[in-house]
Each structure stands twice: as C-alpha cells, then as structure tokens.
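Data block for query.pdb (PDB, C-alpha atoms, pLDDT in the B column):
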```
ATOM      1  CA  MET A 221      12.996  -6.657  11.294  1.00 61.00           C
ATOM      2  CA  VAL A 222      16.226  -4.893  12.299  1.00 59.00           C
ATOM      3  CA  ASN A 223      15.776  -1.250  13.321  1.00 72.00           C
ATOM      4  CA  GLY A 224      17.211   1.115  10.723  1.00 80.00           C
ATOM      5  CA  THR A 225      18.057  -1.583   8.187  1.00 88.00           C
ATOM      6  CA  ALA A 226      16.218  -1.902   4.866  1.00 91.00           C
ATOM      7  CA  GLU A 227      14.982  -5.471   4.448  1.00 93.00           C
ATOM      8  CA  VAL A 228      13.720  -7.076   1.234  1.00 94.00           C
ATOM      9  CA  ARG A 229      10.983  -9.692   1.515  1.00 93.00           C
ATOM     10  CA  GLU A 230       9.286 -11.971  -0.976  1.00 92.00           C
ATOM     11  CA  ILE A 231       5.516 -11.790  -0.475  1.00 94.00           C
ATOM     12  CA  PRO A 232       3.030 -14.513  -1.443  1.00 93.00           C
ATOM     13  CA  LEU A 233       0.413 -13.455  -3.970  1.00 94.00           C
ATOM     14  CA  VAL A 234      -3.071 -14.225  -2.660  1.00 92.00           C
ATOM     15  CA  LEU A 235      -5.785 -13.491  -5.193  1.00 95.00           C
ATOM     16  CA  GLU A 236      -9.424 -14.515  -5.557  1.00 94.00           C
ATOM     17  CA  PRO A 237     -11.953 -13.763  -8.340  1.00 94.00           C
ATOM     18  CA  ARG A 238     -13.935 -11.590  -5.906  1.00 93.00           C
ATOM     19  CA  ASP A 239     -10.896  -9.310  -5.520  1.00 94.00           C
ATOM     20  CA  VAL A 240     -10.811  -8.813  -9.274  1.00 95.00           C
ATOM     21  CA  TRP A 241     -14.552  -8.145  -9.521  1.00 93.00           C
ATOM     22  CA  ALA A 242     -14.073  -5.468  -6.850  1.00 91.00           C
ATOM     23  CA  ALA A 243     -11.273  -3.850  -8.865  1.00 92.00           C
ATOM     24  CA  LEU A 244     -13.546  -3.935 -11.925  1.00 91.00           C
ATOM     25  CA  GLY A 245     -16.194  -2.001 -10.040  1.00 85.00           C
ATOM     26  CA  ASN A 246     -18.587  -4.381  -8.301  1.00 77.00           C
ATOM     27  CA  PRO A 247     -17.581  -7.289  -6.036  1.00 73.00           C
ATOM     28  CA  ASP A 248     -21.183  -8.511  -5.800  1.00 76.00           C
ATOM     29  CA  LYS A 249     -21.978  -8.607  -9.504  1.00 77.00           C
ATOM     30  CA  VAL A 250     -20.458 -11.534 -11.383  1.00 83.00           C
ATOM     31  CA  LEU A 251     -20.856 -11.815 -15.146  1.00 87.00           C
ATOM     32  CA  PRO A 252     -20.626 -15.524 -16.035  1.00 90.00           C
ATOM     33  CA  THR A 253     -19.364 -14.745 -19.539  1.00 92.00           C
ATOM     34  CA  LEU A 254     -16.277 -13.023 -18.085  1.00 93.00           C
ATOM     35  CA  SER A 255     -15.524 -15.544 -15.344  1.00 94.00           C
ATOM     36  CA  PRO A 256     -13.276 -17.739 -17.543  1.00 96.00           C
ATOM     37  CA  ASP A 257     -11.281 -14.631 -18.583  1.00 96.00           C
ATOM     38  CA  ILE A 258     -10.818 -13.633 -14.964  1.00 96.00           C
ATOM     39  CA  ASP A 259      -9.629 -17.116 -14.023  1.00 97.00           C
ATOM     40  CA  GLU A 260      -7.161 -17.051 -16.921  1.00 97.00           C
ATOM     41  CA  CYS A 261      -5.861 -13.606 -15.963  1.00 98.00           C
ATOM     42  CA  ILE A 262      -5.416 -14.649 -12.336  1.00 98.00           C
ATOM     43  CA  ALA A 263      -3.370 -17.627 -13.504  1.00 98.00           C
ATOM     44  CA  LEU A 264      -1.364 -15.319 -15.770  1.00 98.00           C
ATOM     45  CA  ALA A 265      -0.749 -12.918 -12.884  1.00 97.00           C
ATOM     46  CA  HIS A 266       0.809 -15.731 -10.864  1.00 97.00           C
ATOM     47  CA  GLU A 267       3.239 -16.206 -13.749  1.00 97.00           C
ATOM     48  CA  LEU A 268       4.001 -12.528 -14.333  1.00 98.00           C
ATOM     49  CA  CYS A 269       3.972 -10.947 -10.894  1.00 97.00           C
ATOM     50  CA  GLU A 270       7.090 -10.699  -8.762  1.00 96.00           C
ATOM     51  CA  PRO A 271       5.619  -9.452  -5.481  1.00 97.00           C
ATOM     52  CA  ARG A 272       8.313  -7.948  -3.295  1.00 96.00           C
ATOM     53  CA  GLY A 273       8.408  -5.659  -0.306  1.00 97.00           C
ATOM     54  CA  LEU A 274      11.030  -3.381   1.195  1.00 97.00           C
ATOM     55  CA  TYR A 275      10.724  -2.706   4.919  1.00 96.00           C
ATOM     56  CA  ARG A 276      12.548  -0.361   7.262  1.00 96.00           C
ATOM     57  CA  ARG A 277      11.836   0.385  10.913  1.00 95.00           C
ATOM     58  CA  LEU A 278      12.879   3.810  12.253  1.00 96.00           C
ATOM     59  CA  THR A 279      12.853   5.141  15.815  1.00 96.00           C
ATOM     60  CA  ILE A 280      10.782   8.267  16.398  1.00 97.00           C
ATOM     61  CA  ASP A 281      12.680  11.222  17.841  1.00 96.00           C
ATOM     62  CA  GLU A 282       9.740  13.519  18.490  1.00 96.00           C
ATOM     63  CA  VAL A 283       6.054  13.881  17.660  1.00 96.00           C
ATOM     64  CA  GLY A 284       5.043  17.525  17.546  1.00 95.00           C
ATOM     65  CA  ARG A 285       1.793  19.275  16.743  1.00 92.00           C
ATOM     66  CA  LYS A 286       2.687  19.662  13.070  1.00 93.00           C
ATOM     67  CA  GLY A 287       4.818  16.647  12.272  1.00 96.00           C
ATOM     68  CA  ILE A 288       7.218  13.872  13.224  1.00 97.00           C
ATOM     69  CA  THR A 289      11.010  13.667  13.355  1.00 97.00           C
ATOM     70  CA  PHE A 290      13.029  10.444  13.293  1.00 96.00           C
ATOM     71  CA  LYS A 291      16.480   9.583  14.576  1.00 91.00           C
ATOM     72  CA  ASP A 292      17.571   8.457  11.104  1.00 89.00           C
ATOM     73  CA  GLY A 293      15.199   9.743   8.452  1.00 92.00           C
ATOM     74  CA  PRO A 294      13.547  12.848   6.978  1.00 95.00           C
ATOM     75  CA  PRO A 295      10.997  14.798   9.060  1.00 96.00           C
ATOM     76  CA  LEU A 296       7.364  14.400   8.020  1.00 97.00           C
ATOM     77  CA  LYS A 297       5.008  17.362   8.198  1.00 95.00           C
ATOM     78  CA  GLY A 298       1.261  17.283   8.671  1.00 94.00           C
ATOM     79  CA  LYS A 299      -1.137  17.683  11.582  1.00 94.00           C
ATOM     80  CA  PHE A 300      -3.043  14.526  10.744  1.00 94.00           C
ATOM     81  CA  LEU A 301       0.163  12.492  10.442  1.00 95.00           C
ATOM     82  CA  ALA A 302       1.286  13.859  13.817  1.00 96.00           C
ATOM     83  CA  HIS A 303      -2.107  12.992  15.307  1.00 95.00           C
ATOM     84  CA  CYS A 304      -1.773   9.366  14.156  1.00 95.00           C
ATOM     85  CA  PHE A 305       1.712   9.143  15.677  1.00 96.00           C
ATOM     86  CA  GLU A 306       0.790  10.378  19.173  1.00 96.00           C
ATOM     87  CA  GLY A 307       2.458   8.103  21.724  1.00 96.00           C
ATOM     88  CA  GLY A 308       4.373   6.229  19.027  1.00 96.00           C
ATOM     89  CA  GLU A 309       7.947   5.051  19.416  1.00 96.00           C
ATOM     90  CA  GLU A 310       8.713   3.647  15.967  1.00 96.00           C
ATOM     91  CA  ALA A 311       7.468   3.647  12.401  1.00 97.00           C
ATOM     92  CA  VAL A 312       7.603   0.928   9.781  1.00 96.00           C
ATOM     93  CA  PHE A 313       8.195   2.275   6.262  1.00 97.00           C
ATOM     94  CA  VAL A 314       7.046  -0.084   3.504  1.00 97.00           C
ATOM     95  CA  LEU A 315       7.465  -0.119  -0.271  1.00 98.00           C
ATOM     96  CA  LEU A 316       5.621  -2.761  -2.312  1.00 98.00           C
ATOM     97  CA  THR A 317       5.479  -3.779  -5.962  1.00 98.00           C
ATOM     98  CA  ILE A 318       4.251  -6.601  -8.188  1.00 98.00           C
ATOM     99  CA  GLY A 319       6.959  -5.784 -10.730  1.00 97.00           C
ATOM    100  CA  SER A 320       6.658  -4.529 -14.303  1.00 97.00           C
ATOM    101  CA  ALA A 321       5.881  -7.704 -16.304  1.00 98.00           C
ATOM    102  CA  LEU A 322       2.098  -7.583 -15.833  1.00 98.00           C
ATOM    103  CA  GLU A 323       1.990  -3.895 -16.737  1.00 97.00           C
ATOM    104  CA  LYS A 324       3.964  -4.643 -19.917  1.00 98.00           C
ATOM    105  CA  ARG A 325       1.613  -7.477 -20.881  1.00 98.00           C
ATOM    106  CA  VAL A 326      -1.414  -5.180 -20.422  1.00 98.00           C
ATOM    107  CA  SER A 327       0.148  -2.656 -22.835  1.00 98.00           C
ATOM    108  CA  GLU A 328       0.779  -5.417 -25.357  1.00 98.00           C
ATOM    109  CA  MET A 329      -2.839  -6.589 -25.118  1.00 98.00           C
ATOM    110  CA  PHE A 330      -4.174  -3.085 -25.750  1.00 97.00           C
ATOM    111  CA  ALA A 331      -1.818  -2.716 -28.722  1.00 98.00           C
ATOM    112  CA  ASP A 332      -3.069  -6.033 -30.138  1.00 97.00           C
ATOM    113  CA  GLY A 333      -6.707  -4.983 -29.753  1.00 97.00           C
ATOM    114  CA  ASP A 334      -7.457  -7.407 -26.893  1.00 97.00           C
ATOM    115  CA  THR A 335      -9.204  -4.654 -24.978  1.00 97.00           C
ATOM    116  CA  VAL A 336     -11.399  -6.742 -22.660  1.00 96.00           C
ATOM    117  CA  GLU A 337      -8.551  -9.031 -21.657  1.00 97.00           C
ATOM    118  CA  ALA A 338      -6.305  -5.999 -21.086  1.00 98.00           C
ATOM    119  CA  PHE A 339      -8.858  -4.337 -18.787  1.00 97.00           C
ATOM    120  CA  ILE A 340      -9.287  -7.541 -16.809  1.00 97.00           C
ATOM    121  CA  LEU A 341      -5.550  -8.144 -16.437  1.00 98.00           C
ATOM    122  CA  ASP A 342      -5.043  -4.543 -15.339  1.00 98.00           C
ATOM    123  CA  ALA A 343      -7.743  -5.046 -12.684  1.00 97.00           C
ATOM    124  CA  VAL A 344      -5.986  -8.232 -11.598  1.00 98.00           C
ATOM    125  CA  GLY A 345      -2.818  -6.159 -11.167  1.00 97.00           C
ATOM    126  CA  SER A 346      -4.635  -3.571  -9.052  1.00 96.00           C
ATOM    127  CA  ALA A 347      -6.186  -6.274  -6.876  1.00 96.00           C
ATOM    128  CA  SER A 348      -2.785  -7.924  -6.501  1.00 97.00           C
ATOM    129  CA  ALA A 349      -1.180  -4.697  -5.312  1.00 96.00           C
ATOM    130  CA  MET A 350      -3.986  -4.069  -2.800  1.00 94.00           C
ATOM    131  CA  ASN A 351      -3.742  -7.615  -1.466  1.00 95.00           C
ATOM    132  CA  LEU A 352       0.020  -7.279  -1.022  1.00 95.00           C
ATOM    133  CA  LEU A 353      -0.574  -4.360   1.313  1.00 94.00           C
ATOM    134  CA  THR A 354      -3.188  -6.312   3.272  1.00 93.00           C
ATOM    135  CA  THR A 355      -0.764  -9.219   3.673  1.00 94.00           C
ATOM    136  CA  VAL A 356       2.078  -6.956   4.777  1.00 94.00           C
ATOM    137  CA  LEU A 357      -0.055  -5.081   7.308  1.00 93.00           C
ATOM    138  CA  GLY A 358      -1.014  -8.423   8.823  1.00 92.00           C
ATOM    139  CA  GLU A 359       2.659  -9.382   9.130  1.00 93.00           C
ATOM    140  CA  ILE A 360       3.549  -6.059  10.742  1.00 94.00           C
ATOM    141  CA  SER A 361       0.667  -6.428  13.190  1.00 93.00           C
ATOM    142  CA  GLU A 362       1.753  -9.919  14.252  1.00 93.00           C
ATOM    143  CA  GLU A 363       5.408  -8.902  14.627  1.00 92.00           C
ATOM    144  CA  SER A 364       4.463  -5.850  16.675  1.00 92.00           C
ATOM    145  CA  LYS A 365       2.171  -7.816  18.987  1.00 90.00           C
ATOM    146  CA  GLU A 366       5.003 -10.270  19.641  1.00 93.00           C
ATOM    147  CA  ARG A 367       7.144  -7.298  20.698  1.00 90.00           C
ATOM    148  CA  GLY A 368       4.416  -5.948  22.974  1.00 92.00           C
ATOM    149  CA  SER A 369       3.595  -2.958  20.756  1.00 94.00           C
ATOM    150  CA  ASN A 370       0.396  -1.577  19.313  1.00 94.00           C
ATOM    151  CA  VAL A 371      -0.116  -0.857  15.626  1.00 95.00           C
ATOM    152  CA  GLY A 372      -1.488   2.398  14.266  1.00 95.00           C
ATOM    153  CA  THR A 373      -3.328   3.443  11.121  1.00 92.00           C
ATOM    154  CA  CYS A 374      -1.699   2.664   7.779  1.00 94.00           C
ATOM    155  CA  LEU A 375      -0.781   5.948   6.072  1.00 95.00           C
ATOM    156  CA  SER A 376       0.056   6.406   2.381  1.00 95.00           C
ATOM    157  CA  PRO A 377       1.172   9.389   0.260  1.00 95.00           C
ATOM    158  CA  GLY A 378      -1.384  10.549  -2.264  1.00 93.00           C
ATOM    159  CA  GLN A 379      -4.305  10.588   0.152  1.00 89.00           C
ATOM    160  CA  SER A 380      -6.194  13.683   1.334  1.00 86.00           C
ATOM    161  CA  TYR A 381      -4.104  13.939   4.508  1.00 90.00           C
ATOM    162  CA  TRP A 382      -0.721  13.479   2.780  1.00 95.00           C
ATOM    163  CA  ASP A 383       0.234  14.877  -0.609  1.00 95.00           C
ATOM    164  CA  VAL A 384       1.709  12.529  -3.219  1.00 96.00           C
ATOM    165  CA  THR A 385       5.026  14.378  -2.850  1.00 96.00           C
ATOM    166  CA  GLY A 386       5.328  12.414   0.378  1.00 96.00           C
ATOM    167  CA  GLN A 387       6.648   9.635  -1.859  1.00 97.00           C
ATOM    168  CA  ASP A 388       9.878  11.640  -2.051  1.00 96.00           C
ATOM    169  CA  HIS A 389      10.363  11.212   1.700  1.00 96.00           C
ATOM    170  CA  MET A 390       9.347   7.560   1.597  1.00 97.00           C
ATOM    171  CA  LEU A 391      12.030   6.792  -0.978  1.00 97.00           C
ATOM    172  CA  GLU A 392      14.618   8.716   1.011  1.00 96.00           C
ATOM    173  CA  VAL A 393      14.095   6.032   3.636  1.00 96.00           C
ATOM    174  CA  LEU A 394      13.545   3.104   1.262  1.00 97.00           C
ATOM    175  CA  PRO A 395      16.021   2.591  -1.615  1.00 96.00           C
ATOM    176  CA  GLY A 396      13.505   1.568  -4.278  1.00 97.00           C
ATOM    177  CA  GLU A 397      16.189   0.183  -6.604  1.00 97.00           C
ATOM    178  CA  MET A 398      16.509  -2.768  -4.222  1.00 97.00           C
ATOM    179  CA  ILE A 399      13.156  -4.054  -5.511  1.00 97.00           C
ATOM    180  CA  GLY A 400      13.086  -2.381  -8.914  1.00 97.00           C
ATOM    181  CA  VAL A 401      10.930   0.646  -8.015  1.00 98.00           C
ATOM    182  CA  GLU A 402      11.706   4.109  -9.408  1.00 97.00           C
ATOM    183  CA  LEU A 403      10.489   7.496  -8.165  1.00 97.00           C
ATOM    184  CA  LEU A 404       9.421   9.725 -11.067  1.00 97.00           C
ATOM    185  CA  GLU A 405       9.675  13.533 -11.154  1.00 96.00           C
ATOM    186  CA  SER A 406       5.897  13.606 -10.712  1.00 96.00           C
ATOM    187  CA  SER A 407       6.372  11.801  -7.341  1.00 96.00           C
ATOM    188  CA  PHE A 408       4.547   8.760  -8.724  1.00 96.00           C
ATOM    189  CA  LEU A 409       6.146   5.341  -8.675  1.00 97.00           C
ATOM    190  CA  ARG A 410       7.180   3.050 -11.506  1.00 97.00           C
ATOM    191  CA  PRO A 411       6.102   0.258 -12.011  1.00 97.00           C
ATOM    192  CA  GLN A 412       2.567   1.597 -11.643  1.00 95.00           C
ATOM    193  CA  LYS A 413       1.391  -1.289  -9.470  1.00 97.00           C
ATOM    194  CA  SER A 414       3.640  -0.161  -6.638  1.00 97.00           C
ATOM    195  CA  GLN A 415       2.783   1.637  -3.417  1.00 96.00           C
ATOM    196  CA  SER A 416       4.296   2.811  -0.173  1.00 97.00           C
ATOM    197  CA  ALA A 417       2.900   2.863   3.339  1.00 96.00           C
ATOM    198  CA  LEU A 418       3.855   4.096   6.787  1.00 97.00           C
ATOM    199  CA  VAL A 419       2.702   2.408   9.991  1.00 96.00           C
ATOM    200  CA  PRO A 420       3.075   3.930  13.496  1.00 97.00           C
ATOM    201  CA  ILE A 421       4.153   1.486  16.205  1.00 96.00           C
ATOM    202  CA  GLY A 422       4.414   1.717  20.005  1.00 96.00           C
ATOM    203  CA  PRO A 423       3.071   0.283  23.270  1.00 95.00           C
ATOM    204  CA  ASN A 424       1.577   3.679  24.194  1.00 94.00           C
ATOM    205  CA  LEU A 425       0.259   4.595  20.758  1.00 94.00           C
ATOM    206  CA  LYS A 426      -2.999   6.542  21.078  1.00 92.00           C
ATOM    207  CA  VAL A 427      -4.548   6.096  17.623  1.00 90.00           C
ATOM    208  CA  LEU A 428      -4.808   2.362  17.053  1.00 88.00           C
ATOM    209  CA  SER A 429      -5.595   0.315  13.985  1.00 77.00           C
ATOM    210  CA  ASP A 430      -8.734  -1.763  14.082  1.00 58.00           C
ATOM    211  CA  PRO A 431      -8.852  -5.298  12.613  1.00 47.00           C
ATOM    212  CA  ALA A 432     -11.600  -4.098  10.278  1.00 43.00           C
ATOM    213  CA  ASP A 433      -9.889  -0.773   9.586  1.00 49.00           C
ATOM    214  CA  SER A 434      -8.418   0.346   6.283  1.00 52.00           C
ATOM    215  CA  PHE A 435      -6.864   3.557   5.031  1.00 50.00           C
ATOM    216  CA  CYS A 436      -9.953   3.889   2.784  1.00 56.00           C
ATOM    217  CA  ARG A 437     -11.559   5.898   5.579  1.00 55.00           C
ATOM    218  CA  TYR A 438      -9.067   8.716   4.973  1.00 49.00           C
ATOM    219  CA  CYS A 439      -9.168   8.655   1.163  1.00 52.00           C
ATOM    220  CA  PRO A 440     -11.433  11.104  -0.749  1.00 45.00           C
ATOM    221  CA  ALA A 441     -11.787   8.807  -3.793  1.00 49.00           C
ATOM    222  CA  THR A 442     -15.415   8.016  -3.024  1.00 48.00           C
ATOM    223  CA  ASN A 443     -15.997   6.123  -6.286  1.00 51.00           C
ATOM    224  CA  CYS A 444     -12.938   3.870  -5.968  1.00 53.00           C
ATOM    225  CA  PRO A 445     -13.983   0.318  -6.933  1.00 47.00           C
ATOM    226  CA  VAL A 446     -11.883  -1.282  -4.186  1.00 48.00           C
ATOM    227  CA  ARG A 447     -13.118   0.981  -1.387  1.00 52.00           C
ATOM    228  CA  LYS A 448     -13.754  -1.018   1.800  1.00 57.00           C
ATOM    229  CA  GLU A 449     -15.444   1.608   3.981  1.00 60.00           C
ATOM    230  CA  PRO A 450     -16.761   5.200   3.783  1.00 58.00           C
ATOM    231  CA  GLN A 451     -14.514   8.217   4.175  1.00 50.00           C
ATOM    232  CA  ILE A 452     -14.540   9.859   7.608  1.00 52.00           C
ATOM    233  CA  ILE A 453     -14.548  13.595   8.237  1.00 46.00           C
ATOM    234  CA  GLN A 454     -11.258  14.913   9.611  1.00 46.00           C
ATOM    235  CA  ALA A 455     -12.399  18.355  10.694  1.00 40.00           C
ATOM    236  CA  ALA A 456     -11.885  17.541  14.364  1.00 39.00           C
ATOM    237  CA  VAL A 457      -8.158  16.807  13.888  1.00 42.00           C
TER     238      VAL A 457
END
```
Rendering of file as structure tokens:
Amino acid sequence: MVNGTAEVREIPLVLEPRDVWAALGNPDKVLPTLSPDIDECIALAHELCEPRGLYRRLTIDEVGRKGITFKDGPPLKGKFLAHCFEGGEEAVFVLLTIGSALEKRVSEMFADGDTVEAFILDAVGSASAMNLLTTVLGEISEESKERGSNVGTCLSPGQSYWDVTGQDHMLEVLPGEMIGVELLESSFLRPQKSQSALVPIGPNLKVLSDPADSFCRYCPATNCPVRKEPQIIQAAV
C-alpha cells in the first residue's frame, strides 16, 4: 500500500449461514424451514455482490488532546479519536462496498410481495458488508506486522465517539467514485451496504487492537443483531 495513494482492491466474499442468522437476530437459533432460503440467498449474493475496497495510508502530522492532523488530509476532531491515535505514525483510511445490485434486488422482491425472501437477502447483504470489514482488517494487520508496526482500534463514523458527519472527512481522503460509492447530504453512503473505517498504525502505538477485538465495544447500538461484544464505558477517556 503506497503512502498517500488511493488503491482499489477486489475483496473475496466470505459468507456462512451463521453470519446471516446473526444478521437476522440470533446466530444460535436456526429455523430449518428457512435454511433453504438462506442458502439460496447466499448463492444469489455471490452473483450480485461486487465487493470492493478503497484504501489510502496517510502520515500523521500531530496527535493532540482534541484531535489528529495529517500531512495530506483533513484534521479529525475528537478526544476519543485522539486517545486511540496516541503514539501513532500513520492511519489507513478504508472505504468498502458490496455494490448496488443486491440492494436493488431486495427492493424488487419487496415490490413483488416476496417479503420473507427480501428480508433474508437484505440480511445477507448486511452480513456480507460486515465480513468485508473483517477481511480487510485482517489484511491491514498482516501488512502492518510485516512492516514492524502495531495496529490500533478500528474506528468508524456513526458511532458514539464519532458523529456520522465524519463520513465527510473520510470521503475527502477517499474518492468514493472510484468504487461507485456516493456521499449523500445526510452524510450517509450510497449504496447502503457500504462503510468506511479508520485504523491507527505505528510501532509505538499505545492503544492496540486485540485479535478478539471489534469496534462493537464502542457502539451504543446494544440491540444490534451482529454485535460481537458488549459496549464499554468511555467515561475515563
């Protein structure tokens, strides 16, 4: 990954029925009558999805008490963001999408009255988007270890520590049109099954990612069906 250069990558889609059950609300409860529909929707997702990622690595200029500045990018404000970047030297900005075809098919299913199939395919899309991020974070971790750097916590706009308007800054760094992603006036992304993430990097980084860690611990959506771990309290930051 060249520093400062936006790089497009094709990402393999890895998807299991358990991932879809989690997106539907319960990974441990399988309804046999729906299993064939889930298998069919997973197969359909492999036809419809165009998983792509846009990466850019920027050098950190300064980490202050209330934010971070970069040598070639917009400043980011926030005490918690600054806390996660302590000791960092670089940041990897990431934009991911599965494309718009699956979203379009879901709309068509609802319009045709195929409500159950539409709900399942939408859940497949959500699981696909989540799994893309997991795959990408693994790649970033391996690349960083090869360079002798540590990897920090994955940070995403729209969480309790970073308002969704942070997407505006993310797409200043990442030209979304390169992978077909548009920033709306609401600061949400289109296609819907798209997301951005920011990962601190550096050999002296103080707040490190854990192999079992996920950004779920910083998200207040306690009833999210794909939550992996409880939310932590940030009062000490």
Q: Just give me the gap between atom CA of Lys249 of chain A and atom CA of Asp332 of chain A in Å, one decimal is fine.
A: 28.1 Å
Q | Nearest-residue call for Cys261 of chain A, choices A:Lys426, A:Arg410, A:Lys365, A:Arg325, using all atoms listed in the file | A |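 Of A:Lys426, A:Arg410, A:Lys365, A:Arg325, the one nearest Cys261 of chain A is A:Arg325, counting all atoms listed in the file.
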Q.
Expand the PyMOL selection byres ((chain A and resi 360-362) around 12) into the explicit residue set it covers here, and present it as a ChimeraX atom specification.
A. /A:221,275-277,311-314,353-359,363-374,417-422,428-431
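Using all atoms listed in the file, the contacts of Leu278 of chain A at a cut-off of 6 Å, with sequence neighbours closer than 2 positions omitted, comprise Asn223, Gly224, Glu310 and Ala311 of chain A.
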Nearby residues, (-10.1, -4.7, -16.6) file frame, 10 Å, all atoms listed in the file, as a CSV table (one decimal) with C-alpha atoms, in the frame of the given file:
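Saved result, part.csv, follows:
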```csv
chain,number,residue,atom,x,y,z
A,240,VAL,CA,-10.8,-8.8,-9.3
A,241,TRP,CA,-14.6,-8.1,-9.5
A,243,ALA,CA,-11.3,-3.8,-8.9
A,244,LEU,CA,-13.5,-3.9,-11.9
A,245,GLY,CA,-16.2,-2.0,-10.0
A,258,ILE,CA,-10.8,-13.6,-15.0
A,261,CYS,CA,-5.9,-13.6,-16.0
A,326,VAL,CA,-1.4,-5.2,-20.4
A,335,THR,CA,-9.2,-4.7,-25.0
A,336,VAL,CA,-11.4,-6.7,-22.7
A,337,GLU,CA,-8.6,-9.0,-21.7
A,338,ALA,CA,-6.3,-6.0,-21.1
A,339,PHE,CA,-8.9,-4.3,-18.8
A,340,ILE,CA,-9.3,-7.5,-16.8
A,341,LEU,CA,-5.6,-8.1,-16.4
A,342,ASP,CA,-5.0,-4.5,-15.3
A,343,ALA,CA,-7.7,-5.0,-12.7
A,344,VAL,CA,-6.0,-8.2,-11.6
A,345,GLY,CA,-2.8,-6.2,-11.2
A,346,SER,CA,-4.6,-3.6,-9.1
```
Q) Nearest to Ser380 of chain A: which of A:Leu235, A:Leu301, A:Leu322, A:Leu316 is it, counting all atoms listed in the file? A)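 That would be A:Leu301, the residue with the smallest distance to Ser380 of chain A.
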(Q) Once the PyMOL selection byres ((chain A and resi 268) around 10) has been evaluated on this model, what residues remain selected, and can you format them as a list in words? (A)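 On this input, the PyMOL selection byres ((chain A and resi 268) around 10) captures Ile262, Ala263, Leu264, Ala265, His266, Glu267, Cys269, Glu270, Pro271, Ile318, Gly319, Ser320, Ala321, Leu322, Glu323, Lys324, Arg325 and Gly345 of chain A.
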Q: Point out the residue among A:Leu409, A:Val401, A:Met329, A:Val283 with the least atom-to-atom distance to Gly307 of chain A, counting only C-alpha atoms.
A: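 Nearest to Gly307 of chain A: A:Val283.
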Q: Please provide as a ChimeraX atom specification all residues within 9 Å of Val234 of chain A, with the sequence filter that same-chain residues fewer than 6 positions apart are discarded (counting all atoms listed in the file).
A: /A:348,351-352,355
**Q.** Residues selected by the PyMOL selection byres ((chain A and resi 395) around 12), written as an MDAnalysis selection string
**A.** chainID A and resid 225:228 273:276 313:316 387:394 396:403 416
Q: Report the distance between atom CA of Thr317 of chain A and atom CA of Ser376 of chain A in Å, rounded to one decimal place.
A: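 Atom CA of Ser376 of chain A lies at a distance of 14.2 Å from atom CA of Thr317 of chain A.
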(Q) Using only C-alpha atoms, can you tell me which of A:Thr279, A:Arg229, A:Tyr381, A:Glu306 comes closest to Pro294 of chain A? (A) A:Thr279
Q | Separation of atom CA of Gly308 of chain A from atom CA of Asn424 of chain A in Å | A |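 Result for atom CA of Asn424 of chain A versus atom CA of Gly308 of chain A: 6.4 Å, one decimal.
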Kindly compute an axis-aligned box around the listed atoms of segment 401-414 of chain A, allowing 3 Å on each side, and express its centre and edge lengths in Å to one decimal as AutoDock Vina command-line options.
```
--center_x 6.5 --center_y 6.2 --center_z -9.3 --size_x 16.3 --size_y 20.9 --size_z 11.4
```
